[in-house]
Structures are given as structure tokens and as C-alpha cells.
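Raw contents of query16.tsv, TSV, C-alpha atoms and all ligand atoms:
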chain	number	residue	atom	x	y	z
A	1	MET	CA	-24.33	5.07	26.13
A	2	TYR	CA	-25.88	8.42	27.08
A	3	CYS	CA	-28.92	8.55	29.35
A	4	THR	CA	-30.03	12.18	29.64
A	5	LYS	CA	-33.45	13.58	30.56
A	6	LYS	CA	-35.13	16.81	29.49
A	7	ILE	CA	-36.47	18.98	32.28
A	8	THR	CA	-37.64	21.67	29.85
A	9	SER	CA	-36.83	22.05	26.17
A	10	ASP	CA	-33.60	23.92	27.06
A	11	LEU	CA	-32.72	22.34	30.36
A	12	ILE	CA	-31.19	18.86	30.43
A	13	TRP	CA	-30.36	16.56	33.34
A	14	LEU	CA	-26.98	14.89	32.80
A	15	GLY	CA	-26.61	13.06	36.07
A	16	GLY	CA	-26.47	9.45	37.04
A	17	SER	CA	-26.73	7.14	40.02
A	18	ASP	CA	-24.27	5.03	41.96
A	19	ARG	CA	-25.85	1.87	43.36
A	20	ARG	CA	-22.52	0.26	44.29
A	21	LEU	CA	-21.18	2.74	46.83
A	22	ALA	CA	-21.74	1.36	50.34
A	23	LEU	CA	-20.84	4.47	52.34
A	24	PHE	CA	-21.43	8.05	51.20
A	25	GLU	CA	-18.47	10.22	52.28
A	26	ASN	CA	-17.08	6.83	53.38
A	27	VAL	CA	-19.26	7.02	56.48
A	28	TYR	CA	-23.03	7.09	55.77
A	29	PRO	CA	-24.65	3.82	54.62
A	30	ILE	CA	-26.64	4.30	51.42
A	31	PRO	CA	-28.46	1.02	50.74
A	32	ARG	CA	-30.65	2.84	48.20
A	33	GLY	CA	-27.62	4.34	46.41
A	34	VAL	CA	-27.23	8.01	45.55
A	35	SER	CA	-27.57	10.18	42.47
A	36	TYR	CA	-25.21	12.91	41.32
A	37	ASN	CA	-27.06	15.53	39.32
A	38	ALA	CA	-25.50	17.83	36.74
A	39	TYR	CA	-27.41	20.05	34.33
A	40	LEU	CA	-26.91	21.65	30.93
A	41	ILE	CA	-28.68	24.75	29.68
A	42	GLN	CA	-28.92	24.86	25.87
A	43	ASP	CA	-29.13	28.40	24.51
A	44	GLU	CA	-27.10	30.65	22.20
A	45	LYS	CA	-24.42	29.89	24.79
A	46	THR	CA	-24.29	26.59	26.62
A	47	ALA	CA	-23.76	26.27	30.36
A	48	LEU	CA	-22.95	23.18	32.39
A	49	LEU	CA	-24.01	23.39	36.04
A	50	ASP	CA	-21.66	21.27	38.14
A	51	THR	CA	-20.15	17.91	37.25
A	52	VAL	CA	-20.37	14.52	38.98
A	53	ASP	CA	-18.54	12.01	41.16
A	54	GLN	CA	-15.74	10.01	39.57
A	55	ALA	CA	-17.81	6.83	39.96
A	56	ILE	CA	-20.13	7.83	37.10
A	57	ALA	CA	-17.63	9.80	35.01
A	58	GLU	CA	-17.94	7.66	31.89
A	59	ARG	CA	-21.72	8.03	31.69
A	60	PHE	CA	-21.49	11.75	32.48
A	61	PHE	CA	-19.14	12.50	29.59
A	62	GLU	CA	-21.35	10.53	27.21
A	63	ASN	CA	-24.34	12.50	28.50
A	64	LEU	CA	-22.56	15.83	28.14
A	65	GLU	CA	-21.42	15.14	24.62
A	66	HIS	CA	-24.92	14.05	23.61
A	67	ALA	CA	-26.61	17.04	25.29
A	68	LEU	CA	-24.27	19.55	23.63
A	69	GLN	CA	-25.39	18.33	20.18
A	70	GLY	CA	-22.07	19.33	18.66
A	71	LYS	CA	-22.07	22.85	20.13
A	72	PRO	CA	-19.12	24.13	22.15
A	73	LEU	CA	-19.37	24.25	25.92
A	74	ASN	CA	-19.24	27.96	26.78
A	75	TYR	CA	-19.59	27.99	30.57
A	76	VAL	CA	-19.00	25.62	33.46
A	77	ILE	CA	-20.76	26.91	36.56
A	78	VAL	CA	-19.29	25.51	39.76
A	79	ASN	CA	-21.86	25.75	42.53
A	80	HIS	CA	-20.02	23.35	44.83
A	81	MET	CA	-16.45	22.03	44.86
A	82	GLU	CA	-16.89	18.87	46.95
A	83	PRO	CA	-15.57	15.93	44.91
A	84	ASP	CA	-18.96	14.16	44.73
A	85	HIS	CA	-19.78	17.01	42.30
A	86	ALA	CA	-16.41	18.33	41.20
A	87	ALA	CA	-14.22	15.22	40.85
A	88	THR	CA	-14.72	15.31	37.09
A	89	LEU	CA	-14.31	19.10	36.79
A	90	GLY	CA	-10.62	18.79	35.90
A	91	THR	CA	-11.40	16.48	33.00
A	92	VAL	CA	-14.18	18.81	31.82
A	93	LEU	CA	-11.71	21.71	31.81
A	94	SER	CA	-9.21	19.65	29.80
A	95	ARG	CA	-11.75	18.36	27.29
A	96	TYR	CA	-13.47	21.72	26.81
A	97	PRO	CA	-10.62	24.28	26.88
A	98	GLU	CA	-12.88	26.99	25.44
A	99	ALA	CA	-15.24	26.90	28.45
A	100	THR	CA	-15.18	29.76	30.92
A	101	VAL	CA	-15.41	28.67	34.55
A	102	ILE	CA	-17.91	30.57	36.70
A	103	GLY	CA	-17.53	30.57	40.47
A	104	ASN	CA	-17.04	32.94	43.36
A	105	ALA	CA	-13.96	34.21	45.19
A	106	LYS	CA	-13.79	31.06	47.30
A	107	THR	CA	-14.20	28.68	44.36
A	108	LEU	CA	-10.96	29.45	42.53
A	109	PRO	CA	-8.56	28.55	45.38
A	110	MET	CA	-10.39	25.25	45.80
A	111	ILE	CA	-10.12	24.44	42.09
A	112	LYS	CA	-6.39	25.10	42.37
A	113	GLN	CA	-6.15	22.91	45.47
A	114	PHE	CA	-7.83	19.96	43.76
A	115	PHE	CA	-6.50	20.27	40.21
A	116	PRO	CA	-3.07	20.99	38.76
A	117	MET	CA	-4.07	22.91	35.62
A	118	GLU	CA	-3.99	26.68	35.13
A	119	VAL	CA	-7.51	28.12	35.52
A	120	GLU	CA	-7.03	31.82	36.35
A	121	GLY	CA	-7.14	32.89	32.71
A	122	ARG	CA	-10.50	31.25	32.15
A	123	PHE	CA	-12.12	31.88	35.52
A	124	GLN	CA	-14.87	34.48	35.93
A	125	ALA	CA	-15.71	35.37	39.52
A	126	VAL	CA	-19.29	36.25	40.39
A	127	LYS	CA	-20.81	37.61	43.56
A	128	GLU	CA	-24.31	37.87	45.00
A	129	GLY	CA	-26.78	39.16	42.43
A	130	ASP	CA	-24.39	39.12	39.45
A	131	THR	CA	-26.00	38.01	36.21
A	132	LEU	CA	-24.94	36.05	33.15
A	133	SER	CA	-26.88	35.99	29.90
A	134	LEU	CA	-26.85	32.86	27.76
A	135	GLY	CA	-29.26	34.35	25.17
A	136	ARG	CA	-32.85	33.65	26.21
A	137	HIS	CA	-31.68	32.50	29.63
A	138	GLU	CA	-30.61	35.04	32.21
A	139	LEU	CA	-28.79	33.55	35.19
A	140	THR	CA	-28.28	35.18	38.55
A	141	PHE	CA	-26.07	33.96	41.35
A	142	VAL	CA	-27.03	33.47	44.98
A	143	MET	CA	-24.24	32.94	47.50
A	144	ALA	CA	-24.93	30.12	49.96
A	145	PRO	CA	-21.78	29.83	52.12
A	146	LEU	CA	-21.67	26.80	54.42
A	147	VAL	CA	-24.62	25.08	52.84
A	148	HIS	CA	-22.41	22.73	52.98
A	149	TRP	CA	-18.93	24.16	52.22
A	150	PRO	CA	-17.84	27.84	52.31
A	151	GLU	CA	-17.68	28.25	48.50
A	152	VAL	CA	-21.24	26.99	47.87
A	153	MET	CA	-23.44	29.13	45.71
A	154	MET	CA	-26.71	28.61	43.89
A	155	THR	CA	-27.66	29.63	40.38
A	156	TYR	CA	-31.13	30.92	39.51
A	157	ASP	CA	-32.32	30.79	35.91
A	158	THR	CA	-34.82	33.63	35.70
A	159	THR	CA	-36.15	32.34	32.36
A	160	GLU	CA	-36.98	28.80	33.50
A	161	LYS	CA	-37.49	29.97	37.09
A	162	ALA	CA	-35.17	27.13	38.08
A	163	LEU	CA	-33.02	27.24	41.20
A	164	PHE	CA	-29.91	25.06	41.04
A	165	SER	CA	-29.57	24.61	44.76
A	166	ALA	CA	-26.31	22.64	45.20
A	167	ASP	CA	-26.52	20.19	48.13
A	168	ALA	CA	-29.62	21.88	49.57
A	169	PHE	CA	-32.87	19.97	48.94
A	170	GLY	CA	-30.89	16.85	48.03
A	171	THR	CA	-31.38	13.34	49.29
A	172	PHE	CA	-29.73	9.94	49.35
A	173	GLY	CA	-31.24	7.42	46.93
A	174	ALA	CA	-30.51	6.40	43.35
A	175	MET	CA	-32.97	7.62	40.71
A	176	ASP	CA	-34.75	4.94	38.73
A	177	GLY	CA	-35.83	6.81	35.62
A	178	ASN	CA	-38.27	9.08	37.43
A	179	ILE	CA	-36.18	12.17	38.05
A	180	PHE	CA	-39.02	14.38	39.34
A	181	ALA	CA	-40.22	14.30	42.94
A	182	ASP	CA	-43.82	14.31	41.70
A	183	GLU	CA	-43.17	11.05	39.83
A	184	VAL	CA	-42.22	9.12	42.99
A	185	ASN	CA	-43.90	8.64	46.33
A	186	PHE	CA	-41.55	11.08	48.00
A	187	GLU	CA	-43.21	11.27	51.41
A	188	GLN	CA	-43.47	7.49	51.78
A	189	GLU	CA	-40.29	6.36	50.07
A	190	TRP	CA	-37.82	9.26	50.08
A	191	LEU	CA	-38.49	11.56	53.01
A	192	ASP	CA	-36.62	9.45	55.58
A	193	ASP	CA	-33.53	9.48	53.38
A	194	ALA	CA	-33.95	13.20	52.66
A	195	ARG	CA	-34.04	13.86	56.40
A	196	ARG	CA	-31.07	11.57	57.05
A	197	TYR	CA	-29.17	13.33	54.24
A	198	TYR	CA	-30.03	16.83	55.51
A	199	THR	CA	-29.35	16.20	59.18
A	200	ASN	CA	-26.07	14.37	58.66
A	201	ILE	CA	-24.63	16.42	55.80
A	202	VAL	CA	-25.97	19.92	56.38
A	203	GLY	CA	-27.57	19.67	59.85
A	204	LYS	CA	-24.77	21.56	61.59
A	205	TYR	CA	-25.31	24.59	59.36
A	206	GLY	CA	-28.83	25.62	60.40
A	207	THR	CA	-28.21	29.38	60.30
A	208	PRO	CA	-26.64	29.40	56.80
A	209	VAL	CA	-29.56	27.26	55.58
A	210	GLN	CA	-32.05	29.71	57.10
A	211	ASN	CA	-30.23	32.57	55.37
A	212	VAL	CA	-30.56	30.91	52.00
A	213	LEU	CA	-34.21	30.02	52.66
A	214	LYS	CA	-34.86	33.75	53.16
A	215	LYS	CA	-33.28	34.45	49.78
A	216	ALA	CA	-35.24	31.61	48.16
A	217	ALA	CA	-38.48	33.08	49.53
A	218	GLY	CA	-37.91	36.07	47.25
A	219	LEU	CA	-37.63	33.94	44.12
A	220	ASP	CA	-40.38	32.48	41.94
A	221	ILE	CA	-39.18	28.85	41.88
A	222	GLN	CA	-40.85	26.55	39.36
A	223	TYR	CA	-38.01	24.03	39.34
A	224	LEU	CA	-35.84	23.16	42.30
A	225	CYS	CA	-32.77	21.32	41.01
A	226	PRO	CA	-30.53	19.84	43.71
A	227	LEU	CA	-27.25	18.00	43.21
A	228	HIS	CA	-28.66	14.76	44.68
A	229	GLY	CA	-32.05	13.15	44.25
A	230	PRO	CA	-35.29	14.13	42.56
A	231	ILE	CA	-36.00	17.51	40.97
A	232	TRP	CA	-38.98	19.46	42.31
A	233	ARG	CA	-41.57	21.10	40.06
A	234	GLU	CA	-44.70	20.59	42.22
A	235	ASN	CA	-45.43	21.07	45.90
A	236	ILE	CA	-42.11	22.85	46.40
A	237	GLY	CA	-43.50	24.71	49.43
A	238	TRP	CA	-43.98	21.40	51.27
A	239	PHE	CA	-40.28	20.59	50.96
A	240	LEU	CA	-39.22	24.16	51.81
A	241	GLU	CA	-41.29	23.84	54.99
A	242	LYS	CA	-39.36	20.69	55.94
A	243	TYR	CA	-36.13	22.63	55.49
A	244	LYS	CA	-37.48	25.45	57.63
A	245	ARG	CA	-38.11	22.96	60.46
A	246	TRP	CA	-34.85	21.08	60.11
A	247	SER	CA	-32.73	24.23	59.90
A	248	THR	CA	-34.37	25.76	62.98
A	249	TYR	CA	-34.01	22.50	64.91
A	250	THR	CA	-37.79	22.38	65.33
A	251	PRO	CA	-39.19	18.86	65.86
A	252	GLU	CA	-41.37	17.42	63.14
A	253	ALA	CA	-43.03	14.91	65.46
A	254	TRP	CA	-44.25	15.28	69.04
A	255	THR	CA	-43.14	11.90	70.23
A	256	ALA	CA	-40.28	10.16	72.01
A	257	ALA	CA	-37.19	8.51	70.59
A	258	ILE	CA	-35.50	6.20	73.08
A	259	PHE	CA	-31.80	5.56	72.46
A	260	CYS	CA	-30.83	2.36	74.23
A	261	GLY	CA	-27.31	1.15	75.02
A	262	SER	CA	-27.82	-2.20	76.71
A	263	ILE	CA	-25.25	-4.97	77.20
A	264	TYR	CA	-27.27	-7.89	78.61
A	265	GLY	CA	-30.83	-6.59	78.21
A	266	HIS	CA	-31.51	-4.97	81.58
A	267	THR	CA	-31.23	-1.41	80.30
A	268	GLU	CA	-33.34	-2.47	77.34
A	269	ASN	CA	-35.94	-3.77	79.81
A	270	ALA	CA	-36.12	-0.26	81.30
A	271	CYS	CA	-36.64	1.21	77.82
A	272	GLU	CA	-39.44	-1.24	77.10
A	273	ILE	CA	-41.19	-0.45	80.38
A	274	LEU	CA	-40.92	3.25	79.50
A	275	THR	CA	-42.24	2.87	75.95
A	276	SER	CA	-45.03	0.56	77.06
A	277	ARG	CA	-46.28	3.17	79.53
A	278	LEU	CA	-45.88	5.95	76.94
A	279	ALA	CA	-48.05	3.95	74.55
A	280	GLU	CA	-50.67	3.41	77.29
A	281	LYS	CA	-50.68	7.15	77.83
A	282	GLY	CA	-51.48	7.71	74.16
A	283	VAL	CA	-48.08	8.70	72.78
A	284	ARG	CA	-47.85	7.44	69.20
A	285	HIS	CA	-44.87	6.54	67.01
A	286	VAL	CA	-42.54	5.93	69.96
A	287	ARG	CA	-39.37	4.17	68.88
A	288	ILE	CA	-36.46	2.42	70.60
A	289	PHE	CA	-33.11	2.61	68.81
A	290	ASP	CA	-30.51	0.06	69.87
A	291	VAL	CA	-27.40	2.19	69.67
A	292	SER	CA	-25.24	-0.87	68.95
A	293	HIS	CA	-27.24	-1.97	65.92
A	294	THR	CA	-28.74	1.14	64.36
A	295	ASP	CA	-26.45	3.22	62.22
A	296	VAL	CA	-25.72	6.48	63.99
A	297	SER	CA	-26.84	8.50	60.94
A	298	GLU	CA	-30.36	7.09	61.39
A	299	GLN	CA	-30.30	8.01	65.06
A	300	VAL	CA	-29.15	11.57	64.30
A	301	SER	CA	-32.03	11.84	61.85
A	302	ALA	CA	-34.53	10.55	64.43
A	303	ALA	CA	-33.22	12.97	67.04
A	304	PHE	CA	-33.84	15.89	64.65
A	305	GLN	CA	-37.33	14.52	63.97
A	306	CYS	CA	-38.59	13.87	67.52
A	307	SER	CA	-39.43	16.31	70.31
A	308	HIS	CA	-38.46	14.12	73.28
A	309	LEU	CA	-35.25	12.10	73.53
A	310	VAL	CA	-34.36	9.54	76.16
A	311	PHE	CA	-30.78	8.30	76.47
A	312	ALA	CA	-30.49	5.01	78.37
A	313	SER	CA	-26.96	3.74	78.78
A	314	ALA	CA	-25.04	1.09	80.60
A	315	THR	CA	-21.88	2.25	82.37
A	316	TYR	CA	-18.87	0.87	80.52
A	317	ASN	CA	-15.23	1.08	81.58
A	318	GLY	CA	-16.35	3.68	84.08
A	319	GLY	CA	-17.82	5.80	81.29
A	320	ILE	CA	-20.67	5.89	78.79
A	321	TYR	CA	-21.37	2.74	76.76
A	322	THR	CA	-19.23	3.34	73.66
A	323	PRO	CA	-21.93	3.43	70.92
A	324	MET	CA	-24.03	5.77	73.09
A	325	GLU	CA	-21.06	8.12	73.49
A	326	THR	CA	-20.63	8.07	69.71
A	327	LEU	CA	-24.27	9.06	69.29
A	328	LEU	CA	-23.95	11.95	71.75
A	329	LEU	CA	-20.79	13.19	70.03
A	330	GLU	CA	-22.56	13.03	66.67
A	331	LEU	CA	-25.57	14.95	67.98
A	332	LYS	CA	-23.24	17.59	69.39
A	333	ALA	CA	-21.27	17.76	66.12
A	334	HIS	CA	-24.50	18.28	64.19
A	335	ALA	CA	-25.57	21.07	66.56
A	336	LEU	CA	-28.87	19.49	67.56
A	337	GLN	CA	-30.62	21.77	70.02
A	338	ASN	CA	-33.88	22.55	71.81
A	339	ARG	CA	-35.06	19.10	72.81
A	340	THR	CA	-36.64	17.75	75.97
A	341	VAL	CA	-34.43	14.93	77.23
A	342	ALA	CA	-34.27	12.29	79.96
A	343	LEU	CA	-31.47	10.03	81.15
A	344	ILE	CA	-31.41	6.45	82.37
A	345	GLU	CA	-28.19	4.81	83.52
A	346	ASN	CA	-27.25	1.32	84.58
A	347	GLY	CA	-24.23	0.25	86.59
A	348	SER	CA	-23.63	-2.83	88.68
A	349	TRP	CA	-21.02	-1.25	90.94
A	350	GLY	CA	-20.28	2.30	89.85
A	351	PRO	CA	-23.05	3.87	87.71
A	352	ALA	CA	-21.56	6.93	85.98
A	353	ALA	CA	-23.24	7.11	82.57
A	354	ALA	CA	-25.94	9.63	83.51
A	355	ARG	CA	-23.52	12.20	84.88
A	356	LEU	CA	-21.27	11.85	81.84
A	357	MET	CA	-24.19	11.94	79.36
A	358	ALA	CA	-25.47	15.08	81.10
A	359	LYS	CA	-22.08	16.73	80.51
A	360	HIS	CA	-22.44	16.17	76.76
A	361	LEU	CA	-25.99	17.52	76.77
A	362	GLU	CA	-24.90	20.60	78.74
A	363	GLU	CA	-22.56	21.43	75.86
A	364	MET	CA	-25.52	21.55	73.48
A	365	LYS	CA	-28.04	24.39	73.27
A	366	GLY	CA	-31.48	24.11	74.83
A	367	MET	CA	-31.40	20.47	75.97
A	368	GLU	CA	-33.75	20.45	78.96
A	369	GLN	CA	-33.92	17.45	81.28
A	370	ILE	CA	-37.55	16.76	82.12
A	371	ALA	CA	-36.75	14.72	85.26
A	372	PRO	CA	-33.78	13.62	87.35
A	373	PRO	CA	-31.86	10.66	85.86
A	374	ILE	CA	-33.02	7.17	86.78
A	375	THR	CA	-30.31	4.82	88.07
A	376	ILE	CA	-30.60	1.05	87.68
A	377	ARG	CA	-28.26	-1.23	89.58
A	378	SER	CA	-27.92	-4.27	87.32
A	379	ALA	CA	-31.65	-4.96	86.85
A	380	VAL	CA	-34.90	-3.00	87.12
A	381	LYS	CA	-36.58	-3.37	90.54
A	382	GLU	CA	-39.92	-2.12	91.80
A	383	GLU	CA	-38.48	1.30	92.72
A	384	GLN	CA	-37.09	1.91	89.21
A	385	TYR	CA	-40.27	0.51	87.66
A	386	ARG	CA	-42.28	3.22	89.40
A	387	LYS	CA	-39.76	5.90	88.39
A	388	LEU	CA	-39.98	4.77	84.77
A	389	GLU	CA	-43.77	5.00	84.93
A	390	ASP	CA	-43.51	8.48	86.43
A	391	LEU	CA	-41.07	9.50	83.69
A	392	ALA	CA	-43.41	8.19	81.00
A	393	ASP	CA	-46.31	10.11	82.58
A	394	LEU	CA	-44.25	13.32	82.57
A	395	ILE	CA	-43.19	12.89	78.93
A	396	ALA	CA	-46.73	11.99	77.84
A	397	ALA	CA	-48.17	15.05	79.58
A	398	ASP	CA	-45.52	17.29	78.04
A	399	ILE	CA	-46.21	15.95	74.55
A	400	ALA	CA	-49.96	16.31	75.04
A	401	ALA	CA	-49.48	19.93	76.13
A	402	GLU	CA	-47.25	20.78	73.17
A	403	GLU	CA	-49.20	19.04	70.40
B	501	LIG	FE1	-23.00	16.56	47.64
B	501	LIG	FE2	-21.35	18.76	49.76
B	501	LIG	O1	-21.54	17.52	48.38
Output the file's structure in the form of C-alpha cells.
Amino acid sequence: MYCTKKITSDLIWLGGSDRRLALFENVYPIPRGVSYNAYLIQDEKTALLDTVDQAIAERFFENLEHALQGKPLNYVIVNHMEPDHAATLGTVLSRYPEATVIGNAKTLPMIKQFFPMEVEGRFQAVKEGDTLSLGRHELTFVMAPLVHWPEVMMTYDTTEKALFSADAFGTFGAMDGNIFADEVNFEQEWLDDARRYYTNIVGKYGTPVQNVLKKAAGLDIQYLCPLHGPIWRENIGWFLEKYKRWSTYTPEAWTAAIFCGSIYGHTENACEILTSRLAEKGVRHVRIFDVSHTDVSEQVSAAFQCSHLVFASATYNGGIYTPMETLLLELKAHALQNRTVALIENGSWGPAAARLMAKHLEEMKGMEQIAPPITIRSAVKEEQYRKLEDLADLIAADIAAEE
């Protein structure tokens, strides 16, 4: 049975949530589920903005039929072709053969790659600034390449002042009836997932995100309608500011995140000595992440959030402890940059982790080591204890100076 929501009298949310999927993109844990948002504008002409993942196809088609109220579907606007939004596009095109498909030059080849049916005859290509009138509603198109895929665009409804922002401004998390960000405690209950979503899905594409933020700054946005998670109609500037920080790789928090790869607890002991001293020196919100037990997507998110990062790794098979190497590869893949870092290594007979971790960090932009690496041989001794205290003092002073 349909379950739609009105955003305004003409604008209808047709999405749904998947609470069963364990891994988004088959890689990111989503214990709170995820929503797939699609929208319909009701006017003299009707326009569907994106479709949904196959997992909620049945509900989506019930929603669409209900929202159309017996009218034909005139336009299907494809802002993003990734299957979490476009898996049901082929069925929409079959069920509504009268609908014209709106996309840009990069959209059409992707539709043809994913779906077997003929679309050229019903495809209308748009480019930056092109407009489409639905009657009362005038739409304009904003290209947003690489926010997340090359064909991504956004649609701005100048009548509702609504920006349909594709993946941008989305978040993990199923929606429980409250579809507006001002109806939930976003900062307390959603922000961590919004950050984890941004950093892991779009984090690599900071410059394209900044480009689109510049375009968004020129628009009067009363409704911000992403493809995942709550819709914004209040306090939009607060969320835009988060995006400004994330996309410029600027820390949100002046504190230290300690990533710990420990086999028998001796490297962990070093991390605890370090964090204990940091706390004594007044650094707040310090966290240790056990790289073996914390999902790497959470660690990527924390690394984007925090100003100072410490990587403490056992030496393993002559290299970096495997989960730590995975973390460093993920940080590199997501283009994290401009952080103050420190390295701790452990090795009972041939410590090599620090040198190898440094090589990864050298391949990233603006990763500055605050002190020489600390080497532990099996267990922390008095000499390393003092070095850990000195490292904590350096980090604490640096944070105090930057705050
Ligand atoms: Fe939510 Fe890039 O797809």
C-alpha cells in the first residue's frame, strides 16, 4: 500500500527505506538502514525526480501511481544513474511510455548501458542553466559532475525554491515517518551517519563538491531534497557549512584520533598512555579506534573529523598490521589531506611499520608528522613511556594553539 508524504501541496516524496540491507554498496555497514528518496512534482505536467533501489520497488510503484492521481507521467528527470536510484528506471520507462526522460549528455549512454530498451527517441538532453516549465513550476538544471558519478546533475525548482541535490546532503539511516531534518534530532542522532556517508561515498570528490556549493550559494534554497535521508527546510546553512568543511578537508574537531593496530595489547598500552596524557593536558574527545574491530568506514569518518591523527601499528609479516594498512589505503583512496599525524610502531625483531606507514602518508597531500616515529620493541619501557608523554605534550600544545 502507498506511503507518500507531501512536502508542499505540489511536491510529493515517493521514497522508502530499506532496513534489511546489511551493507550499502555491499561494503558499508548500515545498522540504521537507508532511505531512497524520489519525488514527484504535480503541475499541468508531472515530473518524477529519480527512482529508487530495487529493494523497495513495489512500494515505489504504489507510491507513484497514488501520487499521479490518474494523470500521465510527463517527465522522468534522472539526476543520478547509480542503481540505488536508477535500478527501477527501466520499469518506469516501460510502464510510462509517454514520459520524456530528462538528463544530460552523460546520462543517456549510462541508461543504455544499464537497460536494453530504446530511449533515444524519448530522451531530452539538458545542460547547465537549461529550463523546463511544468506550468506553475519552472525547473532549471545544475550540472554536478563527480558528486558522486560523472553524470550527476541537480534540479532546482524555482517556484518551490527546492534543490533536488542527488547524493549530496544525503545520509545513511532509514526514515521513520519524520522525513524532515527539523523533525528529528539531526545533530545528535544523524550527523555521525551523515559524515560517514559523505566521507565514504563522496569524500574523494572534494573539489567537485566545492564547485557545486558555489553554485548553490547563488540559489535561494527553501527545500534541500537529497536522494538519501531527511529533507531540509530549516537551518540549511548549518548543513551547508558542514559540507564546506568536509569538502575542503578542514577538521571539524581540534582533537586526536588514535588508530591502534595491536596484536597482544602492547601497542594498545602505548595508545592508552598517549591518550591518558592528552586528557591530562586538557585535550577533550580523544578517541582510540581498534583497527581490527571498528569498521573502516567509521575510521575514515573520524579521520575527516579530527585534526590530529596517530597511527600505532604492530609490524606484521614484515609489513604494516593488515587492518591498519587497509585503513591507510582507504584514507588515501578518499583523498584525506591536511592533517597533523604521528606514528608509533611495534616490532619484536624487525620493526618496519612506521617506515611503511610513512610511505602511505607521503602519498597523501599535507600530512605533516609532528614528531619522529616512536618504536616499541615488544612492550613499552621507560624510554618509550617518556617519548609518548613528549608526543602527547606536543599534540596538546598544537591543538591548544590552533583552537
Ligand atoms: Fe546514492 Fe551515488 O548513489
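Comparing A:Thr4, A:Gln384, A:Gln54, A:Thr171 by their smallest distance to ligand LIG 501 (chain B), the closest is A:Thr171 (using only C-alpha atoms and all ligand atoms).
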Could you list, as a VMD selection string, all protein and nucleic acid residues with an atom at most 8 Å from ligand LIG 501 (chain B), counting only C-alpha atoms and all ligand atoms? chain A and resid 36 80 to 85 147 to 149 166 to 167 170 201 227 to 228
Is there a way to get, as a PyMOL selection string, all residues within 8 Å of the point (-21.1, 12.1, 42.1) in file coordinates, counting only C-alpha atoms? chain A and resi 16-18+35-37+51-56+83-87
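The space between atom CA of Ala174 of chain A and atom CA of Glu189 of chain A spans 11.9 Å.
Here the question is which of A:Ile111, A:Phe60, A:Ala342, A:Gly129 gets nearest to Glu151 of chain A using only C-alpha atoms, and that residue is A:Ile111.
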Selection: 9 Å around Asp193 of chain A, only C-alpha atoms, excl. self and same-chain fewer than 4 positions, as a compact mmCIF listing (two decimals) with C-alpha atoms, in the frame of the given file:
# COMPACT_ATOMS: atom_id res chain seq x y z
CA ILE A 30 -26.64 4.30 51.42
CA ARG A 32 -30.65 2.84 48.20
CA THR A 171 -31.38 13.34 49.29
CA PHE A 172 -29.73 9.94 49.35
CA GLY A 173 -31.24 7.42 46.93
CA GLU A 189 -40.29 6.36 50.07
CA TYR A 197 -29.17 13.33 54.24
CA TYR A 198 -30.03 16.83 55.51
CA GLU A 298 -30.36 7.09 61.39
CA SER A 301 -32.03 11.84 61.85
Using all atoms listed in the file, determine which residues lie at most 9 Å from Leu146 of chain A, disregarding the query and same-chain residues fewer than 2 positions distant; provide the list as a ChimeraX atom specification. /A:144,148-152,202,205,208-209
Using only C-alpha atoms, list the residues that have an atom at most 6 Å from (-34.6, 1.1, 75.4), coordinates as in the file, as a PDB file with C-alpha atoms, keeping the file's coordinate frame.
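What landed in selection-v6.pdb:
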ATOM      1  CA  ILE A 258     -35.500   6.200  73.080  1.00  0.00           C
ATOM      2  CA  CYS A 260     -30.830   2.360  74.230  1.00  0.00           C
ATOM      3  CA  GLU A 268     -33.340  -2.470  77.340  1.00  0.00           C
ATOM      4  CA  CYS A 271     -36.640   1.210  77.820  1.00  0.00           C
ATOM      5  CA  GLU A 272     -39.440  -1.240  77.100  1.00  0.00           C
ATOM      6  CA  ILE A 288     -36.460   2.420  70.600  1.00  0.00           C
TER       7      ILE A 288
END
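Candidate residues A:Tyr28, A:Phe186, A:Tyr243, A:Phe180 were compared for distance to Gln299 of chain A, and the nearest is A:Tyr28, using all atoms listed in the file.
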Residues within 12 Å of Asp295 of chain A, all atoms listed in the file, excluding chain neighbours under 5 positions, as a list in words: Leu23, Val27, Tyr28, Pro29, Ile30, Pro31, Arg196, Asn200, Phe259, Phe289, Asp290, Val300, Ser301, Ala302, Pro323, Met324, Thr326, Leu327 and Glu330 of chain A
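For the atom pair formed by atom CA of Gly229 of chain A and atom CA of Leu93 of chain A, the distance is 25.3 Å, given to one decimal.
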Show which residues sit within 10 Å of segment 355-371 of chain A, as a PyMOL selection string. Count only C-alpha atoms, and ignore same-chain residues fewer than 3 positions away. chain A and resi 308-313+315+318-321+324-325+328-329+331-345+351-352+374+387+390-391+394-395+398
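Counting from atom CA of Thr155 of chain A, the distance to atom CA of Arg19 of chain A is 28.0 Å.
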